[in-house]
$ cat start_20.json   # JSON, C-alpha atoms
[["chain", "number", "residue", "atom", "x", "y", "z"],
["A", 1, "MET", "CA", -39.74, -5.14, -6.82],
["A", 2, "LEU", "CA", -36.99, -7.16, -8.47],
["A", 3, "GLN", "CA", -35.85, -5.98, -11.87],
["A", 4, "PHE", "CA", -33.44, -7.79, -14.14],
["A", 5, "SER", "CA", -32.54, -5.88, -17.28],
["A", 6, "THR", "CA", -29.16, -7.43, -18.01],
["A", 7, "PRO", "CA", -28.70, -9.70, -21.04],
["A", 8, "GLU", "CA", -26.32, -11.82, -18.93],
["A", 9, "PRO", "CA", -27.47, -15.00, -17.13],
["A", 10, "ILE", "CA", -29.13, -14.33, -13.77],
["A", 11, "PRO", "CA", -28.53, -16.71, -10.83],
["A", 12, "ILE", "CA", -31.77, -17.91, -9.26],
["A", 13, "THR", "CA", -30.07, -17.41, -5.91],
["A", 14, "MET", "CA", -30.50, -13.63, -6.43],
["A", 15, "LEU", "CA", -34.19, -14.01, -5.48],
["A", 16, "PRO", "CA", -34.96, -12.95, -1.91],
["A", 17, "PRO", "CA", -34.77, -15.81, 0.63],
["A", 18, "GLY", "CA", -38.16, -17.46, 1.13],
["A", 19, "PHE", "CA", -39.61, -16.01, -2.11],
["A", 20, "LYS", "CA", -42.96, -17.83, -2.57],
["A", 21, "LEU", "CA", -46.01, -17.65, -4.82],
["A", 22, "ARG", "CA", -49.52, -18.15, -3.51],
["A", 23, "VAL", "CA", -51.72, -20.73, -5.24],
["A", 24, "VAL", "CA", -55.23, -19.31, -5.58],
["A", 25, "SER", "CA", -57.10, -22.39, -6.78],
["A", 26, "PRO", "CA", -56.93, -25.08, -9.42],
["A", 27, "ALA", "CA", -58.29, -23.87, -12.76],
["A", 28, "ALA", "CA", -59.95, -26.45, -14.99],
["A", 29, "CYS", "CA", -59.03, -26.52, -18.65],
["A", 30, "GLY", "CA", -62.21, -28.39, -19.53],
["A", 31, "PHE", "CA", -65.16, -28.80, -17.19],
["A", 32, "PRO", "CA", -65.28, -26.77, -13.95],
["A", 33, "SER", "CA", -63.11, -28.30, -11.25],
["A", 34, "PRO", "CA", -64.84, -30.10, -8.37],
["A", 35, "ALA", "CA", -61.90, -28.94, -6.21],
["A", 36, "GLN", "CA", -62.65, -25.21, -6.49],
["A", 37, "ASP", "CA", -62.68, -24.87, -2.72],
["A", 38, "TRP", "CA", -59.25, -26.50, -2.54],
["A", 39, "GLU", "CA", -56.46, -24.45, -1.07],
["A", 40, "ASP", "CA", -52.73, -25.11, -1.02],
["A", 41, "GLU", "CA", -49.74, -23.73, 0.79],
["A", 42, "ALA", "CA", -47.67, -21.04, -0.87],
["A", 43, "LEU", "CA", -45.25, -22.47, -3.41],
["A", 44, "ASN", "CA", -41.54, -21.87, -3.56],
["A", 45, "LEU", "CA", -40.71, -22.32, -7.26],
["A", 46, "VAL", "CA", -37.01, -22.45, -6.50],
["A", 47, "GLU", "CA", -37.56, -25.53, -4.33],
["A", 48, "ILE", "CA", -40.08, -27.15, -6.69],
["A", 49, "LEU", "CA", -37.75, -26.83, -9.68],
["A", 50, "ARG", "CA", -34.72, -27.83, -7.56],
["A", 51, "LEU", "CA", -32.91, -24.68, -8.64],
["A", 52, "ASP", "CA", -31.73, -23.38, -5.29],
["A", 53, "SER", "CA", -28.07, -23.62, -6.17],
["A", 54, "ALA", "CA", -25.38, -21.42, -7.62],
["A", 55, "SER", "CA", -25.57, -23.49, -10.84],
["A", 56, "ALA", "CA", -29.04, -22.15, -11.77],
["A", 57, "PHE", "CA", -29.35, -19.26, -14.25],
["A", 58, "VAL", "CA", -32.05, -17.55, -16.32],
["A", 59, "PHE", "CA", -31.76, -16.73, -20.03],
["A", 60, "ARG", "CA", -34.22, -14.86, -22.27],
["A", 61, "LEU", "CA", -34.49, -16.57, -25.65],
["A", 62, "ALA", "CA", -34.26, -14.61, -28.89],
["A", 63, "GLY", "CA", -35.30, -16.04, -32.24],
["A", 64, "SER", "CA", -37.40, -18.93, -33.52],
["A", 65, "SER", "CA", -34.93, -21.80, -33.81],
["A", 66, "MET", "CA", -36.62, -23.88, -31.07],
["A", 67, "ILE", "CA", -40.34, -23.38, -31.71],
["A", 68, "GLU", "CA", -40.97, -27.08, -32.39],
["A", 69, "ALA", "CA", -39.56, -27.80, -28.91],
["A", 70, "GLY", "CA", -42.13, -25.37, -27.45],
["A", 71, "LEU", "CA", -39.63, -22.55, -26.85],
["A", 72, "PHE", "CA", -40.40, -19.16, -28.38],
["A", 73, "ASP", "CA", -38.85, -15.73, -28.84],
["A", 74, "GLY", "CA", -38.92, -13.89, -25.51],
["A", 75, "ASP", "CA", -39.39, -16.99, -23.34],
["A", 76, "LEU", "CA", -37.35, -17.28, -20.17],
["A", 77, "VAL", "CA", -35.51, -20.56, -19.65],
["A", 78, "ILE", "CA", -34.05, -21.74, -16.39],
["A", 79, "ILE", "CA", -30.69, -23.43, -16.82],
["A", 80, "ASP", "CA", -28.97, -25.89, -14.53],
["A", 81, "LYS", "CA", -25.29, -25.43, -15.27],
["A", 82, "GLY", "CA", -24.45, -28.47, -13.13],
["A", 83, "SER", "CA", -26.49, -30.96, -15.21],
["A", 84, "ARG", "CA", -24.90, -33.08, -17.90],
["A", 85, "PRO", "CA", -26.85, -33.29, -21.16],
["A", 86, "ARG", "CA", -28.38, -36.57, -22.27],
["A", 87, "ASN", "CA", -29.62, -37.46, -25.72],
["A", 88, "GLY", "CA", -32.68, -35.23, -26.28],
["A", 89, "SER", "CA", -31.83, -32.60, -23.64],
["A", 90, "ILE", "CA", -32.45, -28.95, -24.49],
["A", 91, "VAL", "CA", -29.25, -27.07, -23.72],
["A", 92, "ILE", "CA", -27.65, -23.67, -23.76],
["A", 93, "ALA", "CA", -24.26, -23.89, -25.48],
["A", 94, "ILE", "CA", -21.53, -21.50, -26.47],
["A", 95, "VAL", "CA", -21.00, -21.76, -30.24],
["A", 96, "GLU", "CA", -18.58, -19.42, -32.02],
["A", 97, "GLY", "CA", -18.48, -17.15, -28.97],
["A", 98, "GLY", "CA", -22.24, -16.76, -28.46],
["A", 99, "PHE", "CA", -24.98, -18.49, -26.47],
["A", 100, "VAL", "CA", -27.44, -20.66, -28.43],
["A", 101, "CYS", "CA", -30.37, -22.81, -27.34],
["A", 102, "ARG", "CA", -30.44, -26.20, -29.10],
["A", 103, "GLN", "CA", -31.37, -29.83, -28.62],
["A", 104, "PHE", "CA", -28.48, -32.16, -27.75],
["A", 105, "VAL", "CA", -28.72, -35.21, -30.03],
["A", 106, "VAL", "CA", -26.33, -38.14, -30.34],
["A", 107, "LYS", "CA", -26.19, -39.66, -33.85],
["A", 108, "HIS", "CA", -23.96, -42.67, -34.48],
["A", 109, "GLY", "CA", -22.08, -41.88, -31.27],
["A", 110, "VAL", "CA", -21.40, -38.25, -32.27],
["A", 111, "PRO", "CA", -23.04, -35.44, -30.23],
["A", 112, "HIS", "CA", -24.78, -32.69, -32.23],
["A", 113, "LEU", "CA", -26.71, -29.54, -31.43],
["A", 114, "GLU", "CA", -29.88, -29.25, -33.48],
["A", 115, "ALA", "CA", -32.40, -26.45, -33.95],
["A", 116, "ARG", "CA", -36.10, -27.33, -33.85],
["A", 117, "ASN", "CA", -37.73, -25.28, -36.59],
["A", 118, "ALA", "CA", -38.35, -27.15, -39.85],
["A", 119, "GLN", "CA", -39.28, -23.89, -41.62],
["A", 120, "MET", "CA", -35.72, -22.59, -41.34],
["A", 121, "ARG", "CA", -32.26, -23.94, -42.19],
["A", 122, "TYR", "CA", -29.63, -23.91, -39.49],
["A", 123, "PRO", "CA", -26.04, -25.10, -39.86],
["A", 124, "VAL", "CA", -25.19, -28.55, -38.53],
["A", 125, "CYS", "CA", -23.26, -28.21, -35.30],
["A", 126, "VAL", "CA", -21.15, -31.05, -33.98],
["A", 127, "ALA", "CA", -20.69, -30.67, -30.22],
["A", 128, "ASP", "CA", -16.92, -31.04, -30.32],
["A", 129, "GLU", "CA", -14.12, -29.38, -28.33],
["A", 130, "LEU", "CA", -14.99, -26.00, -29.93],
["A", 131, "VAL", "CA", -18.49, -26.08, -28.39],
["A", 132, "GLU", "CA", -19.13, -25.63, -24.68],
["A", 133, "ILE", "CA", -22.37, -27.09, -23.33],
["A", 134, "TRP", "CA", -23.12, -24.40, -20.76],
["A", 135, "GLY", "CA", -26.12, -26.04, -19.07],
["A", 136, "CYS", "CA", -29.40, -27.92, -19.47],
["A", 137, "VAL", "CA", -32.82, -26.26, -19.65],
["A", 138, "ARG", "CA", -34.83, -27.26, -16.56],
["A", 139, "ALA", "CA", -37.94, -25.13, -17.15],
["A", 140, "SER", "CA", -39.37, -22.34, -19.27],
["A", 141, "VAL", "CA", -41.65, -19.38, -18.58],
["A", 142, "ARG", "CA", -43.70, -17.55, -21.19],
["A", 143, "ASP", "CA", -45.54, -14.25, -20.87],
["A", 144, "LEU", "CA", -48.95, -14.86, -22.49],
["A", 145, "LYS", "CA", -50.10, -11.24, -22.33],
["A", 146, "PRO", "CA", -51.19, -10.21, -25.85]]
$ encode --input "start_20.json" --output "structure tokens"
Amino acid sequence: MLQFSTPEPIPITMLPPGFKLRVVSPAACGFPSPAQDWEDEALNLVEILRLDSASAFVFRLAGSSMIEAGLFDGDLVIIDKGSRPRNGSIVIAIVEGGFVCRQFVVKHGVPHLEARNAQMRYPVCVADELVEIWGCVRASVRDLKP
């Protein structure tokens, strides 16, 4: 069984070659699915998410600064370090020596990093030469166990 207990980013390429998940069946979120007898091949999440490169990493989020973007404390986010951010991208950046998760927003031609939690106040962060955009969030995973 794979165990990752380090707070450092984890390359996706550390997963065993050919690592796949089996799809059991579609599960309806409304009425029962007419495709309940449907069966699919095993899925390789690395291939599906196009993260089979050395530029893919995993971070565990801490805090509530991105809840309005659907990212919560404890979520895992998969980062593509090779992607360039576009206006609206969720990114991992290095600000004042630490990793932060923020939304990359361009206002009047100036790039900013913005938190997404209206209940809290976060300092304005201009994405200038003192800020390193480390990578773009490609996907997130949340443990829903109560």
$ residues_near_point --input "start_20.json" --point "(-17.0, -19.4, -30.7)" --cutoff "9 Å" --atoms "only C-alpha atoms" --output "ChimeraX atom specification"
/A:94-98,130-132
$ closest_residue --input "start_20.json" --among "A:Ser140, A:Ser55, A:Asn44, A:Ser64" --to "A:Ala118" --atoms "only C-alpha atoms"
A:Ser64
$ closest_residue --input "start_20.json" --among "A:Leu76, A:Ser53, A:Ile67, A:Arg60" --to "A:Gln119" --atoms "all atoms listed in the file"
A:Ile67
$ residues_around --input "start_20.json" --residues "A:Ala139" --least-positions-apart "2" --cutoff "10 Å" --atoms "all atoms listed in the file" --output "ChimeraX atom specification"
/A:49,51,58,76-80,90,136-137,141
$ atom_distance --input "start_20.json" --atom1 "atom CA of A:Lys81" --atom2 "atom CA of A:Met66"
19.5 Å
$ axis_aligned_box --input "start_20.json" --around "stretch 122-133 of chain A" --padding-each-side "8 Å" --output "lines of an AutoDock Vina configuration file"
center_x = -21.9
center_y = -27.5
center_z = -31.6
size_x = 31.5
size_y = 23.1
size_z = 32.5
$ residues_near_point --input "start_20.json" --point "(-29.3, -26.5, -36.1)" --cutoff "8 Å" --atoms "all atoms listed in the file" --output "PDB file with C-alpha atoms, keeping the file's coordinate frame"
ATOM      1  CA  SER A  65     -34.930 -21.800 -33.810  1.00  0.00           C
ATOM      2  CA  ARG A 102     -30.440 -26.200 -29.100  1.00  0.00           C
ATOM      3  CA  LEU A 113     -26.710 -29.540 -31.430  1.00  0.00           C
ATOM      4  CA  GLU A 114     -29.880 -29.250 -33.480  1.00  0.00           C
ATOM      5  CA  ALA A 115     -32.400 -26.450 -33.950  1.00  0.00           C
ATOM      6  CA  ARG A 116     -36.100 -27.330 -33.850  1.00  0.00           C
ATOM      7  CA  ARG A 121     -32.260 -23.940 -42.190  1.00  0.00           C
ATOM      8  CA  TYR A 122     -29.630 -23.910 -39.490  1.00  0.00           C
ATOM      9  CA  PRO A 123     -26.040 -25.100 -39.860  1.00  0.00           C
ATOM     10  CA  VAL A 124     -25.190 -28.550 -38.530  1.00  0.00           C
ATOM     11  CA  CYS A 125     -23.260 -28.210 -35.300  1.00  0.00           C
TER      12      CYS A 125
END
$ atom_distance --input "start_20.json" --atom1 "atom CA of A:Gly135" --atom2 "atom CA of A:Phe57"
8.9 Å
$ atom_distance --input "start_20.json" --atom1 "atom CA of A:Asp143" --atom2 "atom CA of A:Phe72"
10.3 Å
$ residues_around --input "start_20.json" --residues "A:His112" --least-positions-apart "6" --cutoff "8 Å" --atoms "all atoms listed in the file" --output "ChimeraX atom specification"
/A:104-106,124-127
$ closest_residue --input "start_20.json" --among "A:Asp128, A:Glu47, A:Glu68, A:Asp75" --to "A:Val110" --atoms "only C-alpha atoms"
A:Asp128
$ closest_residue --input "start_20.json" --among "A:Ile133, A:Ala54, A:Leu144, A:Cys101" --to "A:Leu71" --atoms "all atoms listed in the file"
A:Cys101
